[in-house]
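A quick write-up on the structure given underneath.
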Amino acid sequence: MKKIAFKTLGCRLNQYETDALASRFHKGSYEIVDFNGKADIYIVNTCTVTNQSDQKSRQTINQARKNNNDALLVVTGCMANNYKQSLLDTGNINYVVDNERKTSIFSIIESHYRGENADPEGFDEDLFSYEPAYKTFHTRSLIKIQDGCDNFCTFCIIPTVRGRATSRPVEAILDNIREVINHGFKEVVLTGVNIGRYQDEDTNFEQLVEKVLNLPGDFRVRISSIEPDGFTEHFFDLFAHPKLTPHLHLCLQSGSEATLLKMRRMYTAREFRMMAEKLRKLYPDFNLTTDIIVGFPGESETDFQQSVSMARDLNISHIHTFKYSVRTGTRAERMPDQVSEKIKNQRSAVIRKLSEENKVAYFTKMIGKKQRMLIERITSDGTARGYGENYIPIRLKAKDLVRNEFVKVELTGLHHGKETEMTAKLLVNE
């Protein structure tokens, strides 16, 4: 039995694809081992969204080779699309597999060990033929509903490395979810590159979510990162369904209308604010998280302060902060008034501090509220960790807790460790 190790960088879409690959190899009698140990095969699923992502991806590739210089090393993901030839030229990697052929990695490795031609270019392109994951690195199951993007934001290379927007057939998605529910998963996360633009024949994103919510079983549904554009009133009504979690990672990127226009985003700051305020009006405890890019070309101090004000006013409980990173071939690369690294670092620090303040404020507001916690892991001292439906990280100390089970809890306070969490007490007979 050969030992295989996986490492995923970047987005939840990559995580979904790694989980599916891991399940396929497990089914094929490979032993899945820790990436930091010695393995016969290493698969690195890379990210290339920023310069920092490139650096982390290269470090991970080098780490795999250091772990076992004789191992078979496969590099896939967006960096494989963006820098395929330069990765091959290192002579350090056995196979570089683009996103379009990622589903074939099991077949490529099997062909390699049979002594057959395993050139990835000889395998068919297929974005969606991943097997439903049952052996995953997460308690929740990620479900890929869409790939690629047609927006061509001026800072982004995702349309280049992921291709144009393509939606997975509805029935394939529903079958995938039925299977992972049968495998015992209690939470499914709908993910993709631009999932709000999902469209399979007559079914749009809102209609797809409704179909998912109507599937039988005791599970909940979480919507992954999404753009704040193109939704009808029906979208807001969906969150009244008990299976749909009251949390969205709603991408902002900037609170400045001028900056959003330069970015070529498909929404305005005003529309973002209106959407956020409506969700909070309908569902007062609704949890909003977001992304903000600092230091975009031409971003003035006024522009930046508009992002700060938006995030503070809306009490966004977590902000994934990106320093603008020049991506070769994008329009933003050629824009004037590039912002210095020093200012980017200063602005990034401001946003990170605000993010933590907002998180503490939101968590404090939730003290005394009830949550349905999904237990994801139990530490050696008996402390259970997991998330409530509002995507609040919870730690719980109680007897006879079981991983991957729902429990009803009352939030009791904040715990300030490496990351801020909420403490809770178990509610019985509820």
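Residues are referred to by chain and number: the chain letter is A, B, ... according to the order shown in the structure tokens, the number counts from 1 in that chain, and ligands are numbered separately from 1 in the order shown.
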
Can you pull out every residue within 8 Å of range 367-375 of chain A, counting only C-alpha atoms, but drop anything in the same chain fewer than 4 positions away, and send it as a tab-separated table (two decimals) with C-alpha atoms, in the first residue's frame?
```
chain	number	residue	atom	x	y	z
A	186	LYS	CA	-24.05	17.00	8.59
A	363	PHE	CA	-19.43	37.59	19.72
A	384	ALA	CA	-15.04	19.92	21.79
A	385	ARG	CA	-14.55	22.43	18.99
A	386	GLY	CA	-16.92	23.27	16.19
A	387	TYR	CA	-19.18	25.91	14.69
A	388	GLY	CA	-22.69	27.13	15.29
A	389	GLU	CA	-25.05	27.89	12.45
A	390	ASN	CA	-23.89	31.54	12.48
A	394	ILE	CA	-17.33	27.36	19.75
A	402	VAL	CA	-19.28	12.73	19.70
A	403	ARG	CA	-17.51	14.11	16.65
A	404	ASN	CA	-19.74	15.02	13.68
A	405	GLU	CA	-22.89	15.34	15.77
A	406	PHE	CA	-25.17	18.33	16.37
A	407	VAL	CA	-25.65	19.56	19.93
A	408	LYS	CA	-27.70	22.44	21.25
A	409	VAL	CA	-25.67	24.95	23.25
A	410	GLU	CA	-25.98	28.33	24.89
A	411	LEU	CA	-23.12	30.77	24.26
A	412	THR	CA	-21.64	31.89	27.57
A	413	GLY	CA	-18.59	34.05	26.86
```

May I have a table of the residues of range 103-165 of chain A lying at most 8 Å from range 259-271 of chain A, giving each one's closest pair of atoms and their distance in Å to one decimal, counting only C-alpha atoms, ordered by chain and ascending residue number, as CSV?
```
residue,atom,partner,partner_atom,distance
A:Asn151,CA,A:Met266,CA,7.6
A:Phe152,CA,A:Arg264,CA,7.6
A:Cys153,CA,A:Arg264,CA,5.0
A:Thr154,CA,A:Met263,CA,5.1
A:Phe155,CA,A:Met263,CA,6.5
```

For the residues selected in the previous step, produce a file with N, CA and C atoms as an mmCIF file, in the first residue's frame.
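Writing the result to result.cif gives the following:
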```
data_model
loop_
_atom_site.group_PDB
_atom_site.id
_atom_site.type_symbol
_atom_site.label_atom_id
_atom_site.label_comp_id
_atom_site.auth_asym_id
_atom_site.auth_seq_id
_atom_site.Cartn_x
_atom_site.Cartn_y
_atom_site.Cartn_z
ATOM 1 N N ASN A 151 -16.021 37.633 -15.106
ATOM 2 C CA ASN A 151 -16.026 39.044 -14.705
ATOM 3 C C ASN A 151 -14.795 39.823 -15.147
ATOM 4 N N PHE A 152 -13.644 39.210 -15.160
ATOM 5 C CA PHE A 152 -12.391 39.861 -15.555
ATOM 6 C C PHE A 152 -12.154 41.162 -14.778
ATOM 7 N N CYS A 153 -12.185 41.039 -13.442
ATOM 8 C CA CYS A 153 -11.794 42.175 -12.618
ATOM 9 C C CYS A 153 -10.361 42.568 -12.964
ATOM 10 N N THR A 154 -10.049 43.842 -12.831
ATOM 11 C CA THR A 154 -8.770 44.337 -13.358
ATOM 12 C C THR A 154 -7.562 43.825 -12.585
ATOM 13 N N PHE A 155 -7.770 43.288 -11.371
ATOM 14 C CA PHE A 155 -6.649 42.816 -10.555
ATOM 15 C C PHE A 155 -6.485 41.302 -10.578
#
```

Subject >> Top pick for closest residue to Ile143 in chain A, considering A:Tyr16, A:Phe128, A:Phe25, A:Phe185 and counting only C-alpha atoms >> reply: A:Tyr16

**OP:** Pick out the residues sitting within 10 Å of Asp147 in chain A, and hand them over as a PyMOL selection string; count only C-alpha atoms, and ignore anything fewer than 6 positions along from it in its own chain.
**Re:** chain A and resi 13+127-128+159+162-168+191-195+198

Write out, as a short mmCIF file (atom, residue, chain, number, x, y, z; two decimals), in the first residue's frame, the residues just selected, with C-alpha atoms.
```cif
data_model
loop_
_atom_site.label_atom_id
_atom_site.label_comp_id
_atom_site.auth_asym_id
_atom_site.auth_seq_id
_atom_site.Cartn_x
_atom_site.Cartn_y
_atom_site.Cartn_z
CA LEU A 13 -12.80 25.12 -4.29
CA LEU A 127 -14.07 20.04 -14.35
CA PHE A 128 -16.80 18.14 -12.56
CA PRO A 159 -10.41 33.74 -15.50
CA ARG A 162 -9.68 28.71 -13.98
CA GLY A 163 -11.26 29.52 -17.34
CA ARG A 164 -14.64 30.92 -18.20
CA ALA A 165 -17.69 30.38 -16.01
CA THR A 166 -19.12 26.87 -16.22
CA SER A 167 -21.96 25.46 -14.11
CA ARG A 168 -22.31 21.88 -12.97
CA THR A 191 -18.59 26.43 -3.44
CA GLY A 192 -17.11 27.58 -6.74
CA VAL A 193 -15.35 30.60 -8.23
CA ASN A 194 -18.42 32.81 -8.76
CA ILE A 195 -21.32 30.78 -7.44
CA TYR A 198 -24.68 29.69 -11.36
#
```

Original post:
CA of Met274 in chain A to CA of Tyr362 in chain A: how many Å, to one decimal?
Top reply: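 Distance reported for this atom pair: 19.5 Å.
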
Original post:
Just how far from CA of Ile319 in chain A is CA of Leu252 in chain A, in Å to one decimal?
Top reply: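 CA of Ile319 in chain A lies 9.6 Å from CA of Leu252 in chain A.
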
Original post:
Quick one: residues within 7 Å of Leu73 in chain A, only C-alpha atoms counted, chain neighbours fewer than 3 positions away excluded, as a list of chain:residue names?
Top reply: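 Residues meeting the cut-off are A:Ile41, A:Tyr42, A:Ile43, A:Ile93, A:Asn94, A:Tyr95.
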
Original post:
With distances taken over only C-alpha atoms, which of A:Thr103, A:Asn429, A:Ser23, A:Thr50 is nearest to Gly10 in chain A?
Top reply: A:Thr50

Original post:
Which is closest to Arg101 in chain A among A:Phe6, A:Phe123, A:Tyr113, A:Phe239, if we use only C-alpha atoms?
Top reply: A:Phe123

Subject >> Surrounding residues of range 284-291 of chain A excluding itself and chain neighbours under 5 positions, 8 Å, only C-alpha atoms, as a list in words >> reply: Pro246, His247, Leu248, His249, Leu250, Cys251, Leu252, Gln253, Ala276, Leu279, Asn315, Ile316, Ser317, His318, Ile319, His320, Thr321, Phe322, Met366, Asn390 and Tyr391 of chain A

May I have the residues from that selection written out with N, CA and C atoms, as a PDB file, in the first residue's frame?
```
ATOM      1  N   PRO A 246     -27.419  31.201   8.761  1.00  0.00           N
ATOM      2  CA  PRO A 246     -27.483  32.676   8.675  1.00  0.00           C
ATOM      3  C   PRO A 246     -26.095  33.310   8.689  1.00  0.00           C
ATOM      4  N   HIS A 247     -25.339  33.007   7.666  1.00  0.00           N
ATOM      5  CA  HIS A 247     -23.984  33.555   7.515  1.00  0.00           C
ATOM      6  C   HIS A 247     -23.652  33.647   6.038  1.00  0.00           C
ATOM      7  N   LEU A 248     -23.003  34.741   5.653  1.00  0.00           N
ATOM      8  CA  LEU A 248     -22.491  34.891   4.286  1.00  0.00           C
ATOM      9  C   LEU A 248     -21.104  35.509   4.331  1.00  0.00           C
ATOM     10  N   HIS A 249     -20.211  34.966   3.496  1.00  0.00           N
ATOM     11  CA  HIS A 249     -18.948  35.650   3.231  1.00  0.00           C
ATOM     12  C   HIS A 249     -19.184  36.440   1.954  1.00  0.00           C
ATOM     13  N   LEU A 250     -19.582  37.687   2.148  1.00  0.00           N
ATOM     14  CA  LEU A 250     -20.012  38.559   1.055  1.00  0.00           C
ATOM     15  C   LEU A 250     -18.836  39.450   0.647  1.00  0.00           C
ATOM     16  N   CYS A 251     -18.340  39.263  -0.564  1.00  0.00           N
ATOM     17  CA  CYS A 251     -17.098  39.926  -0.988  1.00  0.00           C
ATOM     18  C   CYS A 251     -17.314  41.427  -1.201  1.00  0.00           C
ATOM     19  N   LEU A 252     -16.565  42.245  -0.477  1.00  0.00           N
ATOM     20  CA  LEU A 252     -16.619  43.695  -0.633  1.00  0.00           C
ATOM     21  C   LEU A 252     -15.461  44.202  -1.482  1.00  0.00           C
ATOM     22  N   GLN A 253     -14.241  43.895  -1.091  1.00  0.00           N
ATOM     23  CA  GLN A 253     -12.976  44.325  -1.714  1.00  0.00           C
ATOM     24  C   GLN A 253     -12.656  45.794  -1.452  1.00  0.00           C
ATOM     25  N   ALA A 276     -26.421  44.078   2.885  1.00  0.00           N
ATOM     26  CA  ALA A 276     -26.037  43.733   4.256  1.00  0.00           C
ATOM     27  C   ALA A 276     -27.086  44.210   5.256  1.00  0.00           C
ATOM     28  N   LEU A 279     -30.255  42.017   5.142  1.00  0.00           N
ATOM     29  CA  LEU A 279     -30.080  40.735   5.818  1.00  0.00           C
ATOM     30  C   LEU A 279     -30.165  40.909   7.331  1.00  0.00           C
ATOM     31  N   ASN A 315     -20.451  46.169  11.080  1.00  0.00           N
ATOM     32  CA  ASN A 315     -19.945  45.203  12.061  1.00  0.00           C
ATOM     33  C   ASN A 315     -19.654  43.852  11.407  1.00  0.00           C
ATOM     34  N   ILE A 316     -18.845  43.885  10.372  1.00  0.00           N
ATOM     35  CA  ILE A 316     -18.440  42.664   9.681  1.00  0.00           C
ATOM     36  C   ILE A 316     -17.484  41.905  10.605  1.00  0.00           C
ATOM     37  N   SER A 317     -17.845  40.688  10.974  1.00  0.00           N
ATOM     38  CA  SER A 317     -17.174  40.016  12.088  1.00  0.00           C
ATOM     39  C   SER A 317     -15.813  39.424  11.740  1.00  0.00           C
ATOM     40  N   HIS A 318     -15.544  39.265  10.478  1.00  0.00           N
ATOM     41  CA  HIS A 318     -14.196  38.830  10.080  1.00  0.00           C
ATOM     42  C   HIS A 318     -13.896  39.400   8.695  1.00  0.00           C
ATOM     43  N   ILE A 319     -12.699  39.940   8.543  1.00  0.00           N
ATOM     44  CA  ILE A 319     -12.279  40.524   7.265  1.00  0.00           C
ATOM     45  C   ILE A 319     -11.007  39.828   6.807  1.00  0.00           C
ATOM     46  N   HIS A 320     -11.105  39.128   5.697  1.00  0.00           N
ATOM     47  CA  HIS A 320      -9.914  38.522   5.099  1.00  0.00           C
ATOM     48  C   HIS A 320      -9.209  39.629   4.314  1.00  0.00           C
ATOM     49  N   THR A 321      -8.061  40.059   4.820  1.00  0.00           N
ATOM     50  CA  THR A 321      -7.385  41.235   4.273  1.00  0.00           C
ATOM     51  C   THR A 321      -6.309  40.833   3.280  1.00  0.00           C
ATOM     52  N   PHE A 322      -6.373  41.405   2.081  1.00  0.00           N
ATOM     53  CA  PHE A 322      -5.372  41.181   1.054  1.00  0.00           C
ATOM     54  C   PHE A 322      -4.637  42.485   0.771  1.00  0.00           C
ATOM     55  N   MET A 366     -23.652  38.032  20.994  1.00  0.00           N
ATOM     56  CA  MET A 366     -24.262  36.702  20.897  1.00  0.00           C
ATOM     57  C   MET A 366     -24.268  35.935  22.220  1.00  0.00           C
ATOM     58  N   ASN A 390     -24.335  30.197  12.865  1.00  0.00           N
ATOM     59  CA  ASN A 390     -23.890  31.542  12.476  1.00  0.00           C
ATOM     60  C   ASN A 390     -22.399  31.616  12.173  1.00  0.00           C
ATOM     61  N   TYR A 391     -21.777  30.468  12.036  1.00  0.00           N
ATOM     62  CA  TYR A 391     -20.331  30.350  11.754  1.00  0.00           C
ATOM     63  C   TYR A 391     -19.509  30.985  12.866  1.00  0.00           C
TER      64      TYR A 391
END
```

Subject >> Shell of 12 Å around Lys342 in chain A, only C-alpha atoms, local chain residues under 5 positions omitted, as a count of residues only >> reply: 6

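Candidate residues A:Arg377, A:Lys397, A:Lys365, A:Lys211 were compared for distance to Arg178 in chain A, and the nearest is A:Lys211, using only C-alpha atoms.
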
Original post:
Counting only C-alpha atoms, what is within 8 Å of Asn68 in chain A, bar same-chain residues fewer than 3 positions away, as an NGL selection string?
Top reply: :A and (38-40 or 64-65 or 71)

Subject >> Every residue of range 191-281 of chain A that DSSP places in alpha helix (DSSP H), as a PyMOL selection string >> reply: chain A and resi 205-213+233-238+257-263+269-281
